[in-house]
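Structure file model_2.txt (compact mmCIF, C-alpha atoms) is printed below.
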```txt
# COMPACT_ATOMS: atom_id res chain seq x y z
CA MET T 1 -25.22 25.00 -3.23
CA GLN T 2 -23.33 21.75 -2.74
CA PHE T 3 -24.52 18.24 -3.55
CA ALA T 4 -24.32 15.06 -1.51
CA LEU T 5 -25.25 11.48 -2.26
CA PHE T 6 -27.70 10.39 0.43
CA TYR T 7 -28.60 6.81 1.34
CA GLU T 8 -31.05 4.79 3.41
CA ILE T 9 -29.63 1.57 1.89
CA PRO T 10 -32.98 -0.08 1.14
CA VAL T 11 -33.12 -3.77 0.33
CA ALA T 12 -36.30 -4.40 -1.59
CA ALA T 13 -38.05 -7.76 -1.23
CA PRO T 14 -37.91 -10.53 -2.22
CA TRP T 15 -34.49 -11.17 -0.73
CA ASP T 16 -31.92 -13.82 -1.44
CA ALA T 17 -28.72 -14.72 0.40
CA GLY T 18 -26.78 -12.01 -1.42
CA SER T 19 -29.27 -9.13 -1.33
CA GLU T 20 -27.73 -7.16 1.52
CA GLN T 21 -24.18 -7.73 0.35
CA ARG T 22 -25.08 -6.42 -3.11
CA ALA T 23 -26.78 -3.38 -1.59
CA TYR T 24 -23.61 -2.44 0.28
CA ALA T 25 -21.30 -3.23 -2.64
CA ASP T 26 -23.43 -1.10 -4.94
CA THR T 27 -23.46 1.76 -2.42
CA ILE T 28 -19.67 1.73 -2.15
CA ALA T 29 -19.29 1.66 -5.94
CA GLN T 30 -21.72 4.57 -6.20
CA ALA T 31 -19.79 6.56 -3.59
CA VAL T 32 -16.58 6.09 -5.55
CA ALA T 33 -18.42 7.21 -8.70
CA GLY T 34 -19.63 10.26 -6.79
CA GLU T 35 -16.06 11.24 -5.97
CA ARG T 36 -15.07 10.75 -9.61
CA ASN T 37 -17.98 12.84 -10.87
CA GLY T 38 -17.58 15.88 -8.65
CA TRP T 39 -20.12 15.27 -5.88
CA ASP T 40 -19.26 17.08 -2.66
CA ALA T 41 -20.28 14.58 0.00
CA PHE T 42 -21.66 11.16 0.91
CA TRP T 43 -24.22 10.88 3.74
CA THR T 44 -26.30 8.00 5.11
CA VAL T 45 -28.92 7.48 7.78
CA GLU T 46 -28.70 5.31 10.87
CA HIS T 47 -31.79 3.13 11.19
CA HIS T 48 -32.70 -0.10 12.96
CA PHE T 49 -35.35 -2.78 12.32
CA LEU T 50 -36.80 -1.09 9.20
CA SER T 51 -37.11 -4.01 6.78
CA GLU T 52 -36.77 -3.03 3.12
CA TYR T 53 -36.82 0.70 3.99
CA SER T 54 -33.31 0.94 5.47
CA HIS T 55 -30.69 -1.69 6.28
CA CYS T 56 -28.14 0.95 7.33
CA SER T 57 -27.73 0.22 11.05
CA ASN T 58 -23.95 0.64 11.53
CA PRO T 59 -22.93 3.30 9.02
CA GLU T 60 -19.58 4.28 10.53
CA VAL T 61 -18.15 0.97 9.28
CA LEU T 62 -19.36 1.85 5.79
CA TYR T 63 -17.86 5.34 6.09
CA GLY T 64 -14.49 3.80 6.87
CA ALA T 65 -14.62 1.71 3.71
CA ILE T 66 -15.56 4.73 1.62
CA ALA T 67 -12.91 6.91 3.29
CA ALA T 68 -10.30 4.41 2.14
CA LEU T 69 -11.49 4.64 -1.47
CA THR T 70 -11.97 8.42 -1.73
CA GLU T 71 -9.88 11.51 -1.05
CA ARG T 72 -12.11 14.56 -1.39
CA MET T 73 -15.79 13.93 -0.60
CA ARG T 74 -17.06 14.87 2.84
CA LEU T 75 -18.54 12.00 4.89
CA GLY T 76 -21.75 12.76 6.76
CA PHE T 77 -23.56 10.97 9.56
CA GLY T 78 -27.11 11.60 8.40
CA VAL T 79 -27.85 11.14 11.27
CA ARG T 80 -26.26 9.58 14.33
CA LEU T 81 -29.01 8.62 16.78
CA MET T 82 -28.12 10.32 20.06
CA PRO T 83 -30.69 9.15 22.67
CA LYS T 84 -29.81 6.51 25.23
CA PRO T 85 -29.19 3.62 24.62
CA TYR T 86 -28.67 3.94 20.84
CA ASN T 87 -25.18 5.43 21.11
CA HIS T 88 -23.20 6.52 24.17
CA PRO T 89 -21.80 10.05 23.71
CA VAL T 90 -18.24 8.87 24.30
CA ARG T 91 -18.61 6.21 21.62
CA THR T 92 -20.00 8.84 19.24
CA ALA T 93 -17.04 11.12 19.94
CA GLU T 94 -14.60 8.25 19.40
CA ALA T 95 -16.25 6.93 16.23
CA ALA T 96 -16.42 10.32 14.56
CA ALA T 97 -12.85 11.17 15.60
CA VAL T 98 -11.40 7.95 14.17
CA LEU T 99 -13.27 8.52 10.91
CA ASP T 100 -12.03 12.11 10.82
CA LEU T 101 -8.44 10.94 11.19
CA ILE T 102 -8.51 8.21 8.55
CA SER T 103 -10.44 10.39 6.09
CA GLY T 104 -8.10 13.34 6.43
CA GLY T 105 -10.60 15.59 8.20
CA ARG T 106 -13.74 15.04 6.13
CA VAL T 107 -16.41 14.27 8.77
CA GLU T 108 -19.76 16.03 9.19
CA LEU T 109 -21.62 14.88 12.32
CA GLY T 110 -25.36 14.97 11.78
CA THR T 111 -27.34 14.21 14.93
CA GLY T 112 -30.93 13.20 15.57
CA ARG T 113 -33.27 11.46 17.96
CA SER T 114 -35.30 8.86 15.98
CA ALA T 115 -38.94 8.91 14.89
CA THR T 116 -40.32 5.38 14.47
CA ARG T 117 -42.00 3.04 16.93
CA LEU T 118 -39.94 0.10 15.74
CA GLU T 119 -36.73 1.83 16.77
CA LEU T 120 -37.82 3.72 19.89
CA GLU T 121 -39.75 0.82 21.39
CA GLY T 122 -37.14 -1.68 20.24
CA PHE T 123 -34.39 0.09 22.18
CA GLY T 124 -36.61 1.01 25.12
CA VAL T 125 -36.45 4.77 24.52
CA ASP T 126 -39.07 7.03 26.11
CA PRO T 127 -40.11 9.38 23.29
CA HIS T 128 -40.72 12.16 25.80
CA GLN T 129 -37.03 12.14 26.71
CA THR T 130 -35.45 12.07 23.26
CA ARG T 131 -35.00 15.80 22.69
CA GLN T 132 -33.36 16.33 26.07
CA MET T 133 -31.14 13.28 25.52
CA TRP T 134 -30.17 14.54 22.08
CA GLN T 135 -29.02 17.91 23.38
CA GLU T 136 -27.18 16.49 26.39
CA ALA T 137 -25.39 13.94 24.21
CA ILE T 138 -24.14 16.65 21.84
CA GLU T 139 -22.78 18.63 24.78
CA HIS T 140 -20.82 15.59 26.00
CA VAL T 141 -19.47 14.82 22.51
CA VAL T 142 -18.18 18.36 22.17
CA GLY T 143 -16.64 18.18 25.63
CA CYS T 144 -14.85 14.94 24.77
CA TRP T 145 -13.45 16.49 21.59
CA THR T 146 -12.35 19.83 23.01
CA HIS T 147 -10.85 18.91 26.40
CA ASP T 148 -7.71 16.93 27.17
CA GLU T 149 -9.64 15.23 29.94
CA TYR T 150 -13.39 15.39 30.34
CA GLY T 151 -16.02 14.14 32.77
CA PHE T 152 -19.73 14.75 33.10
CA ASP T 153 -22.61 14.32 35.52
CA GLY T 154 -25.67 14.84 33.39
CA LYS T 155 -29.27 13.75 33.71
CA TYR T 156 -28.83 10.81 31.34
CA TRP T 157 -25.09 10.06 31.32
CA GLN T 158 -22.34 10.24 33.92
CA MET T 159 -18.59 9.64 33.63
CA PRO T 160 -15.58 10.48 35.82
CA ARG T 161 -12.81 12.48 34.18
CA ARG T 162 -11.16 10.53 31.40
CA ARG T 163 -8.93 11.27 28.44
CA VAL T 164 -11.21 10.45 25.50
CA LEU T 165 -9.06 9.41 22.55
CA PRO T 166 -8.43 9.97 19.73
CA LYS T 167 -9.26 13.59 19.02
CA PRO T 168 -10.62 14.56 15.58
CA LEU T 169 -8.31 16.06 12.97
CA GLN T 170 -10.58 19.05 12.34
CA ARG T 171 -10.14 21.78 14.93
CA PRO T 172 -11.86 22.57 17.12
CA HIS T 173 -14.07 19.70 15.91
CA PRO T 174 -16.07 18.49 12.89
CA PRO T 175 -19.18 20.51 11.95
CA ILE T 176 -22.27 19.37 13.86
CA TRP T 177 -25.79 19.30 12.43
CA GLY T 178 -29.23 18.70 13.92
CA ALA T 179 -32.06 16.90 12.14
CA THR T 180 -35.67 17.96 12.53
CA SER T 181 -39.05 17.99 10.80
CA SER T 182 -41.09 20.29 13.04
CA GLU T 183 -41.11 24.09 13.08
CA ASP T 184 -40.10 24.26 16.75
CA GLY T 185 -37.31 21.81 15.99
CA HIS T 186 -35.98 24.13 13.26
CA ARG T 187 -35.98 26.95 15.79
CA GLN T 188 -34.16 24.87 18.40
CA VAL T 189 -31.49 23.71 15.95
CA GLY T 190 -30.82 27.35 15.13
CA ASP T 191 -30.81 28.37 18.79
CA LEU T 192 -28.09 25.78 19.43
CA GLY T 193 -25.93 27.00 16.54
CA LEU T 194 -26.10 23.69 14.69
CA GLY T 195 -26.25 23.12 10.97
CA LEU T 196 -29.77 22.25 9.85
CA CYS T 197 -30.90 18.94 8.39
CA SER T 198 -34.48 19.78 7.43
CA PHE T 199 -35.88 16.31 6.91
CA ALA T 200 -39.21 16.08 5.14
CA VAL T 201 -39.91 14.35 1.86
CA GLY T 202 -42.65 14.99 -0.67
CA ILE T 203 -42.95 18.73 -0.08
CA PRO T 204 -41.94 21.44 -2.57
CA PRO T 205 -38.88 23.65 -2.06
CA GLU T 206 -41.04 26.65 -1.26
CA GLN T 207 -42.32 24.85 1.85
CA VAL T 208 -38.77 23.86 2.74
CA LYS T 209 -37.89 27.56 2.54
CA GLU T 210 -40.50 28.45 5.15
CA LYS T 211 -38.79 26.14 7.64
CA ILE T 212 -35.28 27.21 6.67
CA ASP T 213 -36.33 30.82 7.28
CA ILE T 214 -37.33 29.88 10.85
CA TYR T 215 -33.91 28.30 11.31
CA ARG T 216 -32.06 31.27 9.78
CA GLN T 217 -33.72 33.72 12.16
CA ALA T 218 -32.76 31.58 15.17
CA VAL T 219 -29.19 30.78 14.13
CA ARG T 220 -28.44 34.44 13.41
CA ALA T 221 -29.33 35.21 17.02
CA CYS T 222 -27.23 32.36 18.46
CA THR T 223 -24.48 33.59 20.79
CA LYS T 224 -23.88 30.41 22.81
CA PRO T 225 -23.67 27.49 20.39
CA VAL T 226 -23.67 23.97 21.79
CA GLY T 227 -20.51 23.35 19.78
CA ALA T 228 -17.32 25.39 19.77
CA PHE T 229 -18.60 27.40 16.79
CA VAL T 230 -21.82 28.17 14.92
CA ASN T 231 -22.50 25.98 11.89
CA ASP T 232 -25.04 28.04 9.93
CA ARG T 233 -25.51 25.82 6.88
CA ALA T 234 -28.87 24.35 5.90
CA ALA T 235 -29.40 20.96 4.27
CA THR T 236 -32.46 19.11 3.04
CA PHE T 237 -32.96 15.93 1.09
CA THR T 238 -34.93 15.00 -2.00
CA MET T 239 -35.38 11.94 -4.19
CA THR T 240 -33.30 12.19 -7.36
CA VAL T 241 -33.26 10.42 -10.74
CA CYS T 242 -31.58 11.92 -13.80
CA ALA T 243 -31.70 10.23 -17.21
CA PRO T 244 -31.14 11.11 -20.89
CA SER T 245 -34.89 11.29 -21.52
CA GLU T 246 -37.85 12.31 -19.40
CA SER T 247 -39.66 9.06 -20.17
CA GLU T 248 -36.73 6.95 -18.96
CA ALA T 249 -36.42 8.99 -15.77
CA TRP T 250 -40.12 8.63 -14.97
CA GLU T 251 -40.17 4.92 -15.68
CA THR T 252 -37.13 4.41 -13.46
CA ALA T 253 -38.47 6.52 -10.61
CA ARG T 254 -42.18 5.74 -10.41
CA GLU T 255 -42.30 2.75 -8.06
CA SER T 256 -39.57 4.00 -5.72
CA PHE T 257 -40.62 7.65 -5.60
CA GLU T 258 -44.19 6.68 -4.71
CA TRP T 259 -43.23 3.89 -2.27
CA TYR T 260 -40.65 5.79 -0.21
CA PRO T 261 -42.64 8.79 1.10
CA LYS T 262 -45.72 6.67 1.82
CA THR T 263 -43.71 4.07 3.71
CA GLY T 264 -41.73 6.68 5.63
CA ALA T 265 -44.84 8.57 6.65
CA ARG T 266 -46.49 5.36 7.88
CA LEU T 267 -43.41 4.44 9.90
CA ILE T 268 -43.44 7.85 11.57
CA GLY T 269 -47.19 7.64 12.15
CA THR T 270 -46.69 4.55 14.31
CA VAL T 271 -45.11 6.76 16.97
CA ALA T 272 -48.44 8.55 17.46
CA GLU T 273 -50.24 5.21 17.75
CA TRP T 274 -47.70 3.93 20.28
CA MET T 275 -47.77 7.07 22.42
CA ALA T 276 -51.58 6.92 22.49
CA GLU T 277 -51.31 3.35 23.80
CA ARG T 278 -48.97 4.68 26.51
CA ASN T 279 -51.39 7.52 27.37
CA GLN T 280 -48.68 10.05 26.53
CA ASP T 281 -49.25 13.38 24.88
CA LEU T 282 -47.29 13.72 21.66
CA GLY T 283 -45.23 16.72 22.71
CA ASN T 284 -42.61 17.40 20.05
CA TYR T 285 -43.72 14.33 18.08
CA ALA T 286 -46.96 16.07 17.11
CA TYR T 287 -46.03 15.76 13.44
CA ALA T 288 -46.35 11.96 13.81
CA ALA T 289 -50.08 12.43 14.43
CA ASP T 290 -50.33 14.35 11.16
CA MET T 291 -48.72 11.43 9.34
CA ARG T 292 -51.10 8.97 10.96
CA SER T 293 -54.12 11.15 10.17
CA HIS T 294 -53.07 11.50 6.53
CA ASP T 295 -52.79 7.74 6.28
CA GLN T 296 -56.16 7.11 7.90
CA GLN T 297 -57.78 9.58 5.49
CA GLY T 298 -56.20 7.83 2.51
CA LEU T 299 -54.19 10.93 1.58
CA LEU T 300 -50.89 9.06 1.38
CA ASP T 301 -52.28 6.93 -1.42
CA LEU T 302 -52.78 10.11 -3.45
CA LEU T 303 -49.05 10.89 -3.33
CA SER T 304 -48.30 10.14 -6.97
CA LEU T 305 -45.22 10.72 -9.08
CA GLU T 306 -47.23 13.29 -11.02
CA TYR T 307 -47.88 15.25 -7.83
CA LEU T 308 -44.21 15.09 -6.76
CA ALA T 309 -43.02 16.25 -10.18
CA GLU T 310 -45.61 19.00 -10.61
CA THR T 311 -44.86 20.52 -7.19
CA GLY T 312 -41.09 20.22 -7.59
CA ALA T 313 -40.85 17.91 -4.58
CA CYS T 314 -38.21 15.76 -6.27
CA ILE T 315 -35.35 16.00 -8.76
CA LEU T 316 -36.56 14.11 -11.82
CA GLY T 317 -35.97 14.10 -15.55
CA THR T 318 -33.28 15.11 -18.00
CA PRO T 319 -30.28 17.16 -16.85
CA GLU T 320 -32.14 20.30 -17.97
CA HIS T 321 -35.17 19.39 -15.82
CA CYS T 322 -32.87 18.59 -12.90
CA ILE T 323 -31.10 21.95 -13.15
CA GLU T 324 -34.45 23.74 -12.97
CA ALA T 325 -35.53 21.70 -9.95
CA CYS T 326 -32.23 22.23 -8.16
CA ARG T 327 -32.49 25.99 -8.72
CA ARG T 328 -35.68 25.99 -6.66
CA TYR T 329 -33.83 24.39 -3.75
CA GLU T 330 -31.01 26.90 -4.10
CA GLU T 331 -33.55 29.75 -4.06
CA ALA T 332 -35.09 28.21 -0.94
CA GLY T 333 -31.80 28.78 0.89
CA VAL T 334 -30.47 25.22 0.78
CA ASP T 335 -26.67 25.08 1.16
CA LEU T 336 -26.34 21.30 0.88
CA LEU T 337 -28.77 19.23 -1.20
CA LEU T 338 -28.82 15.60 -0.09
CA CYS T 339 -29.87 13.57 -3.13
CA LEU T 340 -31.57 10.28 -2.30
CA VAL T 341 -30.57 8.42 -5.44
CA ASN T 342 -32.12 5.07 -4.49
CA PRO T 343 -35.25 5.49 -2.37
CA TYR T 344 -36.29 1.86 -2.81
CA ARG T 345 -35.68 -0.21 -5.94
CA ILE T 346 -33.70 1.92 -8.41
CA PRO T 347 -31.34 -0.41 -10.32
CA HIS T 348 -27.63 0.06 -9.72
CA GLN T 349 -26.90 1.10 -13.29
CA ALA T 350 -29.67 3.70 -13.18
CA VAL T 351 -28.20 5.13 -9.97
CA MET T 352 -24.77 5.25 -11.61
CA GLN T 353 -26.32 7.09 -14.55
CA THR T 354 -27.88 9.66 -12.20
CA ILE T 355 -24.54 10.17 -10.46
CA GLU T 356 -22.70 10.62 -13.76
CA LEU T 357 -25.26 12.90 -15.44
CA MET T 358 -25.69 15.07 -12.35
CA GLY T 359 -21.93 15.30 -11.95
CA ARG T 360 -21.26 16.14 -15.57
CA GLU T 361 -24.22 18.37 -16.49
CA VAL T 362 -26.03 19.58 -13.36
CA ILE T 363 -23.61 20.15 -10.49
CA PRO T 364 -21.21 22.34 -12.54
CA LYS T 365 -24.07 24.83 -13.06
CA PHE T 366 -23.98 25.55 -9.30
CA ARG T 367 -20.26 26.21 -8.98
```

Entire entry expressed as structure tokens:
Amino acid sequence: MQFALFYEIPVAAPWDAGSEQRAYADTIAQAVAGERNGWDAFWTVEHHFLSEYSHCSNPEVLYGAIAALTERMRLGFGVRLMPKPYNHPVRTAEAAAVLDLISGGRVELGTGRSATRLELEGFGVDPHQTRQMWQEAIEHVVGCWTHDEYGFDGKYWQMPRRRVLPKPLQRPHPPIWGATSSEDGHRQVGDLGLGLCSFAVGIPPEQVKEKIDIYRQAVRACTKPVGAFVNDRAATFTMTVCAPSESEAWETARESFEWYPKTGARLIGTVAEWMAERNQDLGNYAYAADMRSHDQQGLLDLLSLEYLAETGACILGTPEHCIEACRRYEEAGVDLLLCLVNPYRIPHQAVMQTIELMGREVIPKFR
């Protein structure tokens, strides 16, 4: 199992004129520390309009800065939003190719479709069209990468034949991943021969395994991948704090570990509310209704640090505790563990401590 630093880039209120600049400077410093301490990769989200939760709206610029300061760590889009009009497929192909060139071939292209009302409504995206847009966009990206000249006449995008430049360094192209939360989404990601980003927070590794098993069955049967090859690796993410003592780790984590899953679930739940206003059935956003229902029943308020720790739904404690927790993810079939080292308001020095302790005492146990 490999380990990646994973970021939303939250900016907790109250803000001052330097809050966002500090958040990005700290993230870059932490990425460099990750390289120094043996982490395998650095991934971030792409989100828009999500105050406090995520200020990471144009991550490829950040990846370029980190590529210039590192030599070994892989750089992951976690994930690039593919529906129209978030990102045109040609622009995705170009952005990832440039990053692949300047990083020396270190790009992982995670792809997704978005799951909050603020983003979907803000960009005028019909939620019923996002899965079809996502798949079509990936097909066009792959075509741009693997053909000297490429044109397309799809349902959502059209372009006459053009030479899309530059091409990525990795041949035939960087590994492509698909993000999903639902069971049918795990099956579809496997059917398409994509790497899996199984994105759910606050659930134990044994539940993650159930979804990875669905993916594994589908990807093993894949004979016509959407890319030029099958990427059969599985990733998931989990909140992570490692400290010299259990008491310090818990004190550091409590506010952020309880705030992040509740806030994320409520953001996703707004999609169900919005689609009800539009008289649309939820389709493959059915999980958003579950989030909304849990909130209405007050269940999200019961999501305590004690619950997360007792169920193993986070990486928390001393290096010894963290090794035990990581073993459960490894046994669940996780190939790449994305460690969310600052879910909300973890101080910079505490994040640096997590990166250093994990790199020195935890990650080597999985080599």

*Among the residues T:Pro205, T:Gly154, T:Gly359, T:Gly317, the one that comes closest to T:Glu330 [using only C-alpha atoms]*: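 Result for the nearest residue to T:Glu330: T:Pro205.
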
*Check the smallest atom-to-atom distance from each of T:Ser114, T:Ser181, T:Asn87, T:Thr238 to T:Leu308 using only C-alpha atoms, then report the winner.*
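Among the listed residues, T:Thr238 lies closest to T:Leu308.
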
Hey, could you pull the box centre and edge lengths for stretch 117-124 of chain T, axis-aligned, 4 Å padding per side, all listed atoms, to one decimal in Å, as lines of an AutoDock Vina configuration file?
```
center_x = -38.2
center_y = 1.0
center_z = 20.4
size_x = 15.6
size_y = 13.4
size_z = 17.4
```

*Do you know which residues are at most 12 Å from T:Gln158 counting all atoms listed in the file, after dropping those on the same chain fewer than 5 positions away, and could you put them as number ranges by chain?*
T: 88-90, 136-137, 140, 150-153

For the selection you just gave me, I'd like the residues written to a file as an mmCIF file, keeping the file's coordinate frame, keeping C-alpha atoms.
```
data_model
loop_
_atom_site.group_PDB
_atom_site.id
_atom_site.type_symbol
_atom_site.label_atom_id
_atom_site.label_comp_id
_atom_site.auth_asym_id
_atom_site.auth_seq_id
_atom_site.Cartn_x
_atom_site.Cartn_y
_atom_site.Cartn_z
ATOM 1 C CA HIS T 88 -23.200 6.520 24.170
ATOM 2 C CA PRO T 89 -21.800 10.050 23.710
ATOM 3 C CA VAL T 90 -18.240 8.870 24.300
ATOM 4 C CA GLU T 136 -27.180 16.490 26.390
ATOM 5 C CA ALA T 137 -25.390 13.940 24.210
ATOM 6 C CA HIS T 140 -20.820 15.590 26.000
ATOM 7 C CA TYR T 150 -13.390 15.390 30.340
ATOM 8 C CA GLY T 151 -16.020 14.140 32.770
ATOM 9 C CA PHE T 152 -19.730 14.750 33.100
ATOM 10 C CA ASP T 153 -22.610 14.320 35.520
#
```

*asked:* Between atom CA of T:Thr70 and atom CA of T:Ala29, what distance in Å does the model show, to one decimal?
replied: 10.8 Å

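Take the candidates T:Pro319, T:Gly227, T:Pro261, T:Gly312 and check each one against T:Glu246 using all atoms listed in the file; the shortest distance goes to T:Pro319.
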
*Close residues, stretch 1-6 of chain T itself excluded, 6 Å, all atoms listed in the file, min 2 positions apart in chain, as a list of chain:residue names*: T:Trp39, T:Asp40, T:Ala41, T:Phe42, T:Trp43, T:Thr44, T:Asp335, T:Leu336, T:Leu337, T:Leu338, T:Cys339, T:Leu340

*asked:* Need the shell around T:Glu248: protein/DNA/RNA residues with any atom at most 12 Å away, counting all atoms listed in the file. Skip same-chain ones fewer than 2 positions apart. Format as a list of chain:residue names?
replied: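 In the requested format, the answer is T:Val241, T:Cys242, T:Ala243, T:Pro244, T:Ser245, T:Glu246, T:Trp250, T:Glu251, T:Thr252, T:Ala253, T:Arg254, T:Leu316, T:Gly317, T:Thr318, T:Ala350, T:Gln353, T:Thr354.
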
*Write out as a PyMOL selection string each polymer residue whose atoms come within 6 Å of stretch 118-134 of chain T, counting all atoms listed in the file; drop sequence neighbours fewer than 2 positions from it.*
chain T and resi 48+82-83+113+116+136-137

*In Å to one decimal, how far is atom CA of T:Tyr215 from atom CA of T:Ile323?*
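Computing it gives 25.4 Å between the two atoms.
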
*asked:* I'd like the contact shell of stretch 270-286 of chain T - 7 Å cut-off, all atoms listed in the file, skipping same-chain residues fewer than 2 positions apart - returned as a list of chain:residue names.
replied: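 Listed by chain and then number, they are T:Ala115, T:Thr116, T:Arg117, T:Arg266, T:Leu267, T:Ile268, T:Ala288, T:Ala289.
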
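Proximity ranking of T:Ile212, T:Leu109, T:Ala235, T:Ala23 relative to T:Pro168 places T:Leu109 first, based on only C-alpha atoms.
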
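Pairwise distance (atom CA of T:Ser54, atom CA of T:Ile9) equals 5.2 Å.
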
Around the point (-20.7, 8.7, 4.8), in the coordinates given by the file, pick out the residues reaching within 10 Å, counting all atoms listed in the file, and return them as a PDB file with C-alpha atoms, keeping the file's coordinate frame.
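Printed below is out.pdb as written:
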```
ATOM      1  CA  ALA T   4     -24.320  15.060  -1.510  1.00  0.00           C
ATOM      2  CA  LEU T   5     -25.250  11.480  -2.260  1.00  0.00           C
ATOM      3  CA  PHE T   6     -27.700  10.390   0.430  1.00  0.00           C
ATOM      4  CA  TYR T   7     -28.600   6.810   1.340  1.00  0.00           C
ATOM      5  CA  ILE T  28     -19.670   1.730  -2.150  1.00  0.00           C
ATOM      6  CA  ALA T  31     -19.790   6.560  -3.590  1.00  0.00           C
ATOM      7  CA  ALA T  41     -20.280  14.580   0.000  1.00  0.00           C
ATOM      8  CA  PHE T  42     -21.660  11.160   0.910  1.00  0.00           C
ATOM      9  CA  TRP T  43     -24.220  10.880   3.740  1.00  0.00           C
ATOM     10  CA  THR T  44     -26.300   8.000   5.110  1.00  0.00           C
ATOM     11  CA  VAL T  45     -28.920   7.480   7.780  1.00  0.00           C
ATOM     12  CA  PRO T  59     -22.930   3.300   9.020  1.00  0.00           C
ATOM     13  CA  GLU T  60     -19.580   4.280  10.530  1.00  0.00           C
ATOM     14  CA  VAL T  61     -18.150   0.970   9.280  1.00  0.00           C
ATOM     15  CA  LEU T  62     -19.360   1.850   5.790  1.00  0.00           C
ATOM     16  CA  TYR T  63     -17.860   5.340   6.090  1.00  0.00           C
ATOM     17  CA  GLY T  64     -14.490   3.800   6.870  1.00  0.00           C
ATOM     18  CA  ALA T  65     -14.620   1.710   3.710  1.00  0.00           C
ATOM     19  CA  ILE T  66     -15.560   4.730   1.620  1.00  0.00           C
ATOM     20  CA  ALA T  67     -12.910   6.910   3.290  1.00  0.00           C
ATOM     21  CA  MET T  73     -15.790  13.930  -0.600  1.00  0.00           C
ATOM     22  CA  ARG T  74     -17.060  14.870   2.840  1.00  0.00           C
ATOM     23  CA  LEU T  75     -18.540  12.000   4.890  1.00  0.00           C
ATOM     24  CA  GLY T  76     -21.750  12.760   6.760  1.00  0.00           C
ATOM     25  CA  PHE T  77     -23.560  10.970   9.560  1.00  0.00           C
ATOM     26  CA  GLY T  78     -27.110  11.600   8.400  1.00  0.00           C
ATOM     27  CA  VAL T  79     -27.850  11.140  11.270  1.00  0.00           C
ATOM     28  CA  LEU T  99     -13.270   8.520  10.910  1.00  0.00           C
ATOM     29  CA  ARG T 106     -13.740  15.040   6.130  1.00  0.00           C
ATOM     30  CA  VAL T 107     -16.410  14.270   8.770  1.00  0.00           C
ATOM     31  CA  GLU T 108     -19.760  16.030   9.190  1.00  0.00           C
ATOM     32  CA  LEU T 109     -21.620  14.880  12.320  1.00  0.00           C
TER      33      LEU T 109
END
```

*Find, counting all atoms listed in the file, the residue in T:Gln21, T:Thr111, T:Thr146, T:Gln170 that gets nearest to T:Leu196.*
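The shortest atom-to-atom distance to T:Leu196 comes from T:Thr111.
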
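Considering the residues T:Gly110, T:Pro10, T:Gly333, T:Pro225 and counting only C-alpha atoms, T:Tyr24 has its shortest atom-to-atom contact with T:Pro10.
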
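Within 7 Å of the point (-27.2, 24.0, 8.6), counting only C-alpha atoms, the protein and nucleic acid residues come to Trp177, Leu194, Gly195, Leu196, Cys197, Asn231, Asp232, Arg233, Ala234 and Ala235 of chain T.
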
Give me stretch 320-330 of chain T with N, CA and C atoms filled in, as an mmCIF file, in the coordinates of the input.
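Just written: part38.cif:
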```cif
data_model
loop_
_atom_site.group_PDB
_atom_site.id
_atom_site.type_symbol
_atom_site.label_atom_id
_atom_site.label_comp_id
_atom_site.auth_asym_id
_atom_site.auth_seq_id
_atom_site.Cartn_x
_atom_site.Cartn_y
_atom_site.Cartn_z
ATOM 1 N N GLU T 320 -31.524 18.977 -17.938
ATOM 2 C CA GLU T 320 -32.140 20.300 -17.970
ATOM 3 C C GLU T 320 -33.260 20.420 -16.938
ATOM 4 N N HIS T 321 -34.111 19.384 -16.839
ATOM 5 C CA HIS T 321 -35.170 19.390 -15.820
ATOM 6 C C HIS T 321 -34.556 19.433 -14.423
ATOM 7 N N CYS T 322 -33.490 18.670 -14.231
ATOM 8 C CA CYS T 322 -32.870 18.590 -12.900
ATOM 9 C C CYS T 322 -32.248 19.923 -12.507
ATOM 10 N N ILE T 323 -31.656 20.623 -13.445
ATOM 11 C CA ILE T 323 -31.100 21.950 -13.150
ATOM 12 C C ILE T 323 -32.199 22.882 -12.669
ATOM 13 N N GLU T 324 -33.328 22.880 -13.372
ATOM 14 C CA GLU T 324 -34.450 23.740 -12.970
ATOM 15 C C GLU T 324 -34.935 23.407 -11.566
ATOM 16 N N ALA T 325 -35.049 22.111 -11.276
ATOM 17 C CA ALA T 325 -35.530 21.700 -9.950
ATOM 18 C C ALA T 325 -34.532 22.075 -8.869
ATOM 19 N N CYS T 326 -33.252 21.900 -9.147
ATOM 20 C CA CYS T 326 -32.230 22.230 -8.160
ATOM 21 C C CYS T 326 -32.181 23.738 -7.898
ATOM 22 N N ARG T 327 -32.457 24.540 -8.912
ATOM 23 C CA ARG T 327 -32.490 25.990 -8.720
ATOM 24 C C ARG T 327 -33.526 26.385 -7.664
ATOM 25 N N ARG T 328 -34.648 25.680 -7.637
ATOM 26 C CA ARG T 328 -35.680 25.990 -6.660
ATOM 27 C C ARG T 328 -35.195 25.712 -5.235
ATOM 28 N N TYR T 329 -34.404 24.660 -5.067
ATOM 29 C CA TYR T 329 -33.830 24.390 -3.750
ATOM 30 C C TYR T 329 -32.794 25.441 -3.386
ATOM 31 N N GLU T 330 -31.997 25.848 -4.346
ATOM 32 C CA GLU T 330 -31.010 26.900 -4.100
ATOM 33 C C GLU T 330 -31.717 28.186 -3.688
#
```
